[in-house]
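Printed here is my_file11.txt (compact mmCIF, C-alpha atoms):
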# COMPACT_ATOMS: atom_id res chain seq x y z
CA MET J 1 19.11 18.19 4.56
CA ALA J 2 16.33 16.34 2.79
CA GLN J 3 12.68 17.29 2.98
CA ILE J 4 10.73 14.82 5.12
CA LEU J 5 7.77 13.38 3.24
CA SER J 6 5.50 12.77 6.22
CA GLY J 7 3.00 9.98 5.73
CA ARG J 8 1.15 11.28 8.77
CA GLU J 9 0.63 14.71 7.22
CA ALA J 10 -0.38 13.33 3.82
CA ALA J 11 -2.67 10.71 5.38
CA GLN J 12 -4.55 13.34 7.37
CA ALA J 13 -5.05 15.45 4.25
CA TRP J 14 -6.43 12.53 2.24
CA LYS J 15 -8.61 11.38 5.15
CA SER J 16 -10.11 14.87 5.31
CA HIS J 17 -10.98 14.55 1.62
CA ILE J 18 -12.57 11.14 2.22
CA ARG J 19 -14.55 12.39 5.24
CA LYS J 20 -16.08 15.17 3.16
CA GLU J 21 -17.18 12.74 0.45
CA VAL J 22 -18.67 10.36 3.03
CA ALA J 23 -20.59 13.25 4.61
CA GLY J 24 -21.91 14.14 1.17
CA ARG J 25 -23.05 10.56 0.59
CA LEU J 26 -24.88 10.48 3.91
CA ALA J 27 -26.54 13.83 3.14
CA GLN J 28 -27.86 12.28 -0.09
CA GLY J 29 -29.39 9.40 1.86
CA LYS J 30 -26.72 6.90 0.83
CA ARG J 31 -25.08 4.57 3.33
CA ALA J 32 -21.50 4.90 4.49
CA PRO J 33 -18.84 2.80 2.72
CA HIS J 34 -18.29 -0.50 4.53
CA LEU J 35 -14.87 -2.18 4.85
CA ALA J 36 -14.48 -5.63 6.39
CA ALA J 37 -11.34 -7.51 7.41
CA ILE J 38 -10.61 -11.13 8.28
CA LEU J 39 -7.80 -11.73 10.77
CA VAL J 40 -6.63 -15.30 11.37
CA GLY J 41 -4.41 -16.06 14.34
CA GLU J 42 -2.62 -13.79 16.78
CA ASP J 43 0.32 -12.31 14.88
CA PRO J 44 1.05 -9.07 16.80
CA ALA J 45 1.98 -7.03 13.71
CA SER J 46 -1.17 -8.14 11.89
CA GLN J 47 -3.32 -7.39 14.93
CA ALA J 48 -1.88 -3.89 15.24
CA TYR J 49 -2.28 -3.24 11.52
CA VAL J 50 -5.92 -4.35 11.44
CA LYS J 51 -6.74 -2.31 14.53
CA GLY J 52 -5.26 0.70 12.74
CA LYS J 53 -7.55 0.06 9.80
CA VAL J 54 -10.57 -0.08 12.11
CA ARG J 55 -9.55 3.28 13.63
CA ASP J 56 -9.12 4.73 10.13
CA CYS J 57 -12.67 3.68 9.25
CA GLU J 58 -14.04 5.38 12.36
CA GLU J 59 -12.05 8.52 11.56
CA VAL J 60 -13.45 8.92 8.03
CA GLY J 61 -17.01 7.76 8.76
CA PHE J 62 -16.84 4.27 7.21
CA ALA J 63 -18.65 1.29 8.65
CA SER J 64 -16.25 -1.53 9.49
CA THR J 65 -16.43 -5.21 10.40
CA LEU J 66 -13.56 -7.22 11.88
CA ILE J 67 -13.83 -11.02 11.78
CA THR J 68 -11.25 -12.65 14.05
CA LEU J 69 -10.59 -16.37 13.61
CA SER J 70 -8.44 -18.72 15.68
CA GLU J 71 -4.99 -19.89 14.65
CA GLY J 72 -6.39 -23.37 13.97
CA THR J 73 -9.07 -22.22 11.50
CA SER J 74 -9.26 -24.60 8.54
CA GLN J 75 -8.99 -23.64 4.88
CA ALA J 76 -12.64 -24.58 4.35
CA GLU J 77 -13.79 -22.42 7.27
CA LEU J 78 -11.79 -19.43 6.03
CA LEU J 79 -13.15 -19.82 2.49
CA GLU J 80 -16.69 -19.91 3.87
CA HIS J 81 -16.13 -16.57 5.61
CA VAL J 82 -14.79 -15.17 2.33
CA ALA J 83 -17.88 -16.46 0.50
CA ARG J 84 -20.20 -14.82 3.06
CA LEU J 85 -18.51 -11.45 2.59
CA ASN J 86 -18.70 -11.88 -1.19
CA ARG J 87 -22.47 -12.38 -0.88
CA ASN J 88 -23.09 -9.61 1.66
CA PRO J 89 -24.54 -6.59 -0.22
CA GLU J 90 -23.78 -4.29 2.72
CA VAL J 91 -20.01 -4.86 2.47
CA ASP J 92 -18.32 -2.80 -0.26
CA GLY J 93 -14.88 -4.33 0.09
CA PHE J 94 -12.86 -6.58 2.35
CA ILE J 95 -9.36 -7.89 2.97
CA VAL J 96 -7.90 -11.07 4.36
CA GLN J 97 -4.93 -9.96 6.46
CA LEU J 98 -1.62 -11.54 5.51
CA PRO J 99 0.44 -13.45 6.44
CA LEU J 100 -1.87 -16.37 7.18
CA PRO J 101 -0.91 -19.27 9.46
CA ILE J 102 1.38 -21.67 7.60
CA HIS J 103 -1.24 -24.41 7.12
CA LEU J 104 -3.48 -22.10 5.06
CA ASN J 105 -3.10 -21.50 1.32
CA PRO J 106 -3.12 -17.73 0.67
CA ASP J 107 -3.32 -18.10 -3.13
CA GLU J 108 -6.54 -20.10 -2.90
CA VAL J 109 -8.00 -17.52 -0.51
CA LEU J 110 -7.00 -14.65 -2.79
CA LEU J 111 -8.62 -16.27 -5.82
CA ALA J 112 -11.83 -16.82 -3.84
CA ILE J 113 -12.33 -13.07 -3.19
CA ASP J 114 -14.80 -11.35 -5.51
CA PRO J 115 -12.63 -9.02 -7.65
CA GLN J 116 -15.24 -6.29 -7.19
CA LYS J 117 -14.64 -6.44 -3.43
CA ASP J 118 -10.86 -6.94 -3.57
CA VAL J 119 -9.88 -3.57 -2.11
CA ASP J 120 -6.31 -4.80 -1.48
CA GLY J 121 -5.95 -4.96 -5.27
CA PHE J 122 -4.28 -8.39 -5.27
CA HIS J 123 -6.71 -10.49 -7.31
CA PRO J 124 -5.26 -11.44 -10.74
CA GLU J 125 -8.20 -9.78 -12.50
CA ASN J 126 -7.45 -6.47 -10.80
CA VAL J 127 -3.70 -6.82 -11.39
CA GLY J 128 -4.41 -7.43 -15.08
CA ARG J 129 -6.69 -4.41 -15.31
CA MET J 130 -4.01 -2.29 -13.63
CA ALA J 131 -1.41 -3.47 -16.15
CA LEU J 132 -3.75 -2.54 -19.02
CA GLY J 133 -4.48 0.89 -17.53
CA LEU J 134 -8.17 0.05 -16.96
CA PRO J 135 -10.19 1.26 -13.93
CA THR J 136 -9.58 -1.06 -11.01
CA TYR J 137 -8.46 -1.27 -7.38
CA LEU J 138 -4.74 -0.56 -7.10
CA PRO J 139 -2.51 -2.45 -4.63
CA ALA J 140 -2.72 -0.41 -1.46
CA THR J 141 0.98 0.30 -0.82
CA PRO J 142 1.87 1.48 -4.35
CA TYR J 143 -1.38 3.46 -4.44
CA GLY J 144 -0.49 5.04 -1.11
CA MET J 145 2.92 6.08 -2.43
CA LEU J 146 1.33 7.76 -5.46
CA LEU J 147 -1.05 9.61 -3.13
CA LEU J 148 1.93 10.70 -1.01
CA LEU J 149 3.74 12.07 -4.05
CA GLU J 150 0.57 13.83 -5.21
CA HIS J 151 0.11 15.46 -1.79
CA TYR J 152 3.62 16.92 -1.94
CA GLY J 153 3.28 17.98 -5.58
CA ILE J 154 6.01 15.60 -6.79
CA SER J 155 5.32 14.37 -10.33
CA PRO J 156 7.10 11.24 -11.61
CA ALA J 157 6.68 12.42 -15.22
CA GLY J 158 9.96 12.43 -17.13
CA LYS J 159 11.95 11.14 -14.16
CA HIS J 160 14.06 8.01 -14.04
CA ALA J 161 12.50 5.86 -11.34
CA VAL J 162 14.35 2.87 -9.91
CA VAL J 163 12.28 0.39 -7.90
CA VAL J 164 14.41 -1.95 -5.77
CA GLY J 165 12.38 -5.07 -5.02
CA ARG J 166 10.07 -7.08 -7.30
CA SER J 167 7.36 -8.44 -4.99
CA ASN J 168 3.84 -8.84 -6.34
CA ILE J 169 2.57 -6.62 -3.52
CA VAL J 170 4.85 -3.58 -3.91
CA GLY J 171 7.77 -3.59 -6.33
CA SER J 172 6.24 -5.03 -9.50
CA PRO J 173 2.96 -3.07 -9.34
CA MET J 174 4.81 0.14 -8.42
CA SER J 175 6.96 -0.20 -11.53
CA ILE J 176 3.83 -0.58 -13.66
CA LEU J 177 2.02 2.38 -12.08
CA LEU J 178 4.99 4.74 -12.41
CA SER J 179 5.37 3.89 -16.10
CA ARG J 180 1.68 4.23 -17.06
CA ASN J 181 0.43 7.17 -19.11
CA SER J 182 -1.44 8.71 -16.19
CA LYS J 183 -1.47 11.68 -13.84
CA MET J 184 1.04 10.12 -11.43
CA GLY J 185 2.96 8.10 -14.01
CA ASN J 186 5.01 8.77 -17.15
CA ALA J 187 8.33 7.93 -15.50
CA THR J 188 11.02 5.84 -17.16
CA VAL J 189 11.24 2.86 -14.82
CA THR J 190 13.94 0.34 -13.97
CA LEU J 191 12.87 -2.62 -11.81
CA ALA J 192 15.87 -3.92 -9.87
CA HIS J 193 16.40 -6.50 -7.13
CA SER J 194 19.05 -8.12 -4.96
CA LYS J 195 20.51 -10.04 -7.92
CA THR J 196 20.87 -6.97 -10.16
CA SER J 197 24.59 -6.85 -11.00
CA ASN J 198 24.94 -3.06 -11.24
CA LEU J 199 22.45 -2.15 -8.54
CA LYS J 200 24.51 0.64 -6.98
CA GLU J 201 25.04 2.40 -10.32
CA LEU J 202 21.36 2.06 -11.22
CA CYS J 203 20.28 3.55 -7.90
CA GLN J 204 22.73 6.43 -8.35
CA SER J 205 20.98 7.27 -11.65
CA ALA J 206 17.51 7.49 -10.09
CA ASP J 207 15.58 10.73 -9.74
CA LEU J 208 12.98 8.71 -7.81
CA LEU J 209 14.18 5.72 -5.78
CA VAL J 210 11.74 3.22 -4.25
CA ALA J 211 13.31 0.87 -1.68
CA ALA J 212 11.14 -2.22 -1.23
CA ILE J 213 13.60 -5.06 -0.82
CA GLY J 214 12.85 -6.04 2.78
CA ARG J 215 16.39 -5.68 4.16
CA PRO J 216 17.21 -3.18 6.90
CA LYS J 217 19.33 -0.20 5.80
CA TYR J 218 20.14 -1.95 2.51
CA VAL J 219 20.15 1.30 0.53
CA THR J 220 23.04 3.44 1.76
CA ALA J 221 23.83 7.10 1.12
CA ASP J 222 26.41 6.30 -1.57
CA MET J 223 23.65 4.64 -3.64
CA ILE J 224 21.50 7.79 -3.72
CA ARG J 225 21.76 10.50 -6.34
CA PRO J 226 22.06 13.96 -4.72
CA GLY J 227 18.61 15.56 -4.64
CA ALA J 228 16.72 12.34 -5.42
CA VAL J 229 13.27 11.55 -3.99
CA VAL J 230 13.48 8.40 -1.84
CA LEU J 231 10.43 6.33 -0.86
CA ASP J 232 11.27 3.76 1.82
CA VAL J 233 8.77 0.89 1.97
CA GLY J 234 10.72 -1.26 4.41
CA ILE J 235 9.60 -2.02 7.95
CA ASN J 236 12.27 -3.97 9.80
CA ARG J 237 12.83 -4.43 13.52
CA VAL J 238 16.47 -4.07 14.56
CA ASP J 239 17.47 -4.00 18.24
CA GLY J 240 13.89 -3.19 19.20
CA ARG J 241 13.60 -0.27 16.75
CA LEU J 242 11.73 -0.01 13.48
CA VAL J 243 14.00 0.87 10.58
CA GLY J 244 13.47 1.02 6.85
CA ASP J 245 15.27 -0.43 3.85
CA VAL J 246 17.18 2.88 3.61
CA ASP J 247 19.93 4.03 5.98
CA PHE J 248 17.86 7.08 6.88
CA ASP J 249 20.39 9.09 8.89
CA SER J 250 23.05 9.11 6.17
CA ALA J 251 20.52 9.41 3.34
CA MET J 252 19.18 12.63 4.87
CA ASP J 253 22.39 14.40 3.84
CA VAL J 254 22.08 13.34 0.20
CA ALA J 255 18.44 12.97 -0.80
CA GLY J 256 16.24 15.87 -1.79
CA ALA J 257 13.19 14.32 -0.12
CA ILE J 258 12.68 11.10 1.85
CA THR J 259 10.01 9.17 3.75
CA PRO J 260 10.72 8.26 7.39
CA VAL J 261 10.20 4.86 9.02
CA PRO J 262 7.93 4.77 10.90
CA GLY J 263 5.57 7.58 9.88
CA GLY J 264 5.95 7.31 6.14
CA VAL J 265 4.71 4.84 3.53
CA GLY J 266 3.00 2.53 6.06
CA LEU J 267 0.39 5.13 6.95
CA MET J 268 -0.26 5.78 3.27
CA THR J 269 -0.90 2.07 2.63
CA ARG J 270 -3.95 2.37 4.88
CA VAL J 271 -5.08 5.46 2.95
CA GLY J 272 -4.82 3.49 -0.28
CA LEU J 273 -7.13 0.88 1.24
CA LEU J 274 -9.63 3.57 2.28
CA MET J 275 -9.59 5.10 -1.20
CA ASN J 276 -10.20 1.71 -2.81
CA THR J 277 -13.15 1.13 -0.47
CA LEU J 278 -14.56 4.55 -1.35
CA HIS J 279 -14.25 3.67 -5.06
CA ALA J 280 -16.06 0.39 -4.37
CA ALA J 281 -18.92 2.17 -2.63
CA ARG J 282 -19.26 4.63 -5.52
CA HIS J 283 -19.71 1.83 -8.03
CA ARG J 284 -21.95 -0.55 -6.12

Turn the structure described in the file into structure tokens.
Amino acid sequence: MAQILSGREAAQAWKSHIRKEVAGRLAQGKRAPHLAAILVGEDPASQAYVKGKVRDCEEVGFASTLITLSEGTSQAELLEHVARLNRNPEVDGFIVQLPLPIHLNPDEVLLAIDPQKDVDGFHPENVGRMALGLPTYLPATPYGMLLLLEHYGISPAGKHAVVVGRSNIVGSPMSILLSRNSKMGNATVTLAHSKTSNLKELCQSADLLVAAIGRPKYVTADMIRPGAVVLDVGINRVDGRLVGDVDFDSAMDVAGAITPVPGGVGLMTRVGLLMNTLHAARHR
């Protein structure tokens, strides 16, 4: 049976680390890090996710601001809120929760965020700095996965990592981070996707398999190398239940270690956001 890589356990450990640093800042007369979020519309998943971020801030001693806007908010109105947060010296970092209502242009909003406050790590300047190995804010989900591996003492160095899924939010940046010459890098990485012709064989060769393709139970047990570490990024609702991109029940008999859904990578994404905000506060 595989070891369960609990995002809940790892998140609590990293939050404890963050709390201690925040307490030290306050003892030195510095203010608490401040994270803001803009939520447009009433998407239930987005509402739940942002509320979780607010609770995280309370738990670690951050200040937080939540700006809720109606579904009919215009592009100009949203950009004005972004500009205000850019100018606010009391806000260290902020996010605009995605997805946005269909009439809004997310690319224009992303480009309007000050890269120094882009704690989601999505701005092209920060993506470029990540690719060059320069100090920057890392995309929260890949960052969270690296923190999860670090908590469990799993080093990617020398391993063959296969990342299934090439999104700009998870798959592509994860492939870059795992291949960098860094503490939680130095893997040999293959970036695959749904159109990869020999996907099953590639997955079977992976010491570290990242499933981020957005399809429920897409990665089956016969695609997993015995003893491999499996990170499941997927969050899919099937028959009222949340399931990942990995067929968890069958994978448990093959993998050496695996993240559950829920209770795995999703919780670590929020930790990645907290860590980015802490970095922002250090450098402002």

Check which residues of range 102-159 of chain J sit at most 9 Å from range 79-93 of chain J using only C-alpha atoms, and return one row each with the closest pair of atoms and their distance in Å to one decimal, ordered by chain and rising number, as a Markdown table.
| residue | atom | partner | partner_atom | distance |
| --- | --- | --- | --- | --- |
| J:Glu108 | CA | J:Leu79 | CA | 8.5 |
| J:Val109 | CA | J:Leu79 | CA | 6.4 |
| J:Ala112 | CA | J:Val82 | CA | 7.0 |
| J:Ile113 | CA | J:Val82 | CA | 6.4 |
| J:Asp114 | CA | J:Asn86 | CA | 5.8 |
| J:Gln116 | CA | J:Gly93 | CA | 7.5 |
| J:Lys117 | CA | J:Gly93 | CA | 4.1 |
| J:Asp118 | CA | J:Gly93 | CA | 6.0 |
| J:Val119 | CA | J:Gly93 | CA | 5.5 |
| J:Asp120 | CA | J:Gly93 | CA | 8.7 |

* Write out as a list in words which residues come within 9 Å of Pro226 in chain J when counting all atoms listed in the file, dropping same-chain ones fewer than 4 positions away. =>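 Here the answer would be Gln204, Asp207, Asp253, Val254, Ala255 and Gly256 of chain J.
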
Each range 139-245 of chain J residue no farther than 10 Å from range 1-10 of chain J, nearest pair in Å, all atoms listed in the file, as CSV:
residue,atom,partner,partner_atom,distance
J:Gly144,CA,J:Gly7,CA,9.1
J:Met145,CA,J:Gly7,CA,9.0
J:Leu147,CA,J:Ala10,CA,7.9
J:Leu148,CA,J:Ala10,CA,6.0
J:Leu149,CA,J:Leu5,CA,8.4
J:Glu150,CA,J:Ala10,CA,9.1
J:His151,CA,J:Ala10,CA,6.0
J:Tyr152,CA,J:Leu5,CA,7.5
J:Pro226,CA,J:Ala2,CA,9.7
J:Gly227,CA,J:Ala2,CA,7.8
J:Ala228,CA,J:Ala2,CA,9.1
J:Val229,CA,J:Ala2,CA,8.8
J:Val230,CA,J:Leu5,CA,9.1
J:Leu231,CA,J:Leu5,CA,8.6

* Nearest to Ser182 in chain J: which of J:Leu202, J:Ala140, J:Pro156, J:His283 is it, counting only C-alpha atoms? ->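 So, comparing all the options, the nearest one is J:Pro156.
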
* Counting only C-alpha atoms, find the residues whose atoms lie at most 9 Å from (14.7, 4.1, -10.1) (file coordinates) and write them out as a list in words. => Lys159, His160, Ala161, Val162, Val163, Val164, Ser175, Thr188, Val189, Thr190, Leu191, Ala192, Leu202, Cys203, Gln204, Ser205, Ala206, Asp207, Leu208, Leu209 and Val210 of chain J

Selection export as a PDB file, in the frame of the given file, atoms kept: C-alpha atoms:
ATOM      1  CA  LYS J 159      11.950  11.140 -14.160  1.00  0.00           C
ATOM      2  CA  HIS J 160      14.060   8.010 -14.040  1.00  0.00           C
ATOM      3  CA  ALA J 161      12.500   5.860 -11.340  1.00  0.00           C
ATOM      4  CA  VAL J 162      14.350   2.870  -9.910  1.00  0.00           C
ATOM      5  CA  VAL J 163      12.280   0.390  -7.900  1.00  0.00           C
ATOM      6  CA  VAL J 164      14.410  -1.950  -5.770  1.00  0.00           C
ATOM      7  CA  SER J 175       6.960  -0.200 -11.530  1.00  0.00           C
ATOM      8  CA  THR J 188      11.020   5.840 -17.160  1.00  0.00           C
ATOM      9  CA  VAL J 189      11.240   2.860 -14.820  1.00  0.00           C
ATOM     10  CA  THR J 190      13.940   0.340 -13.970  1.00  0.00           C
ATOM     11  CA  LEU J 191      12.870  -2.620 -11.810  1.00  0.00           C
ATOM     12  CA  ALA J 192      15.870  -3.920  -9.870  1.00  0.00           C
ATOM     13  CA  LEU J 202      21.360   2.060 -11.220  1.00  0.00           C
ATOM     14  CA  CYS J 203      20.280   3.550  -7.900  1.00  0.00           C
ATOM     15  CA  GLN J 204      22.730   6.430  -8.350  1.00  0.00           C
ATOM     16  CA  SER J 205      20.980   7.270 -11.650  1.00  0.00           C
ATOM     17  CA  ALA J 206      17.510   7.490 -10.090  1.00  0.00           C
ATOM     18  CA  ASP J 207      15.580  10.730  -9.740  1.00  0.00           C
ATOM     19  CA  LEU J 208      12.980   8.710  -7.810  1.00  0.00           C
ATOM     20  CA  LEU J 209      14.180   5.720  -5.780  1.00  0.00           C
ATOM     21  CA  VAL J 210      11.740   3.220  -4.250  1.00  0.00           C
TER      22      VAL J 210
END

* Close residues, Ile213 in chain J itself excluded, 9 Å, all atoms listed in the file, min 5 positions apart in chain, as a count of residues only -> 11

Box dimensions and centre (Å, one decimal) enclosing range 250-260 of chain J, axis-aligned, 4 Å extra per side, as JSON:
{"center_x": 16.5, "center_y": 12.1, "center_z": 2.8, "size_x": 21.0, "size_y": 15.6, "size_z": 17.2}

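Residue neighbourhood of Ile176 in chain J, excluding near-sequence residues (fewer than 5 positions): Met130, Ala131, Leu132, Gly133, Pro142, Gly171, Gly185, Ala187, Val189 and Leu191 of chain J, at 10 Å, using only C-alpha atoms.
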
Sorted by chain and rising residue number, which residues of range 198-272 of chain J lie within 12 Å of range 51-75 of chain J, and what are their closest atom pairs and distances in Å to one decimal, counting all atoms listed in the file, as a Markdown table?
| residue | atom | partner | partner_atom | distance |
| --- | --- | --- | --- | --- |
| J:Gly266 | CA | J:Gly52 | CA | 10.8 |
| J:Leu267 | CA | J:Gly52 | CA | 9.2 |
| J:Met268 | CA | J:Asp56 | CA | 11.3 |
| J:Thr269 | CA | J:Lys53 | CA | 10.0 |
| J:Arg270 | CA | J:Lys53 | CA | 6.5 |
| J:Val271 | CA | J:Asp56 | CA | 8.3 |
| J:Gly272 | CA | J:Lys53 | CA | 11.0 |

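CA of Ser172 in chain J is found 14.0 Å from CA of Gly214 in chain J.
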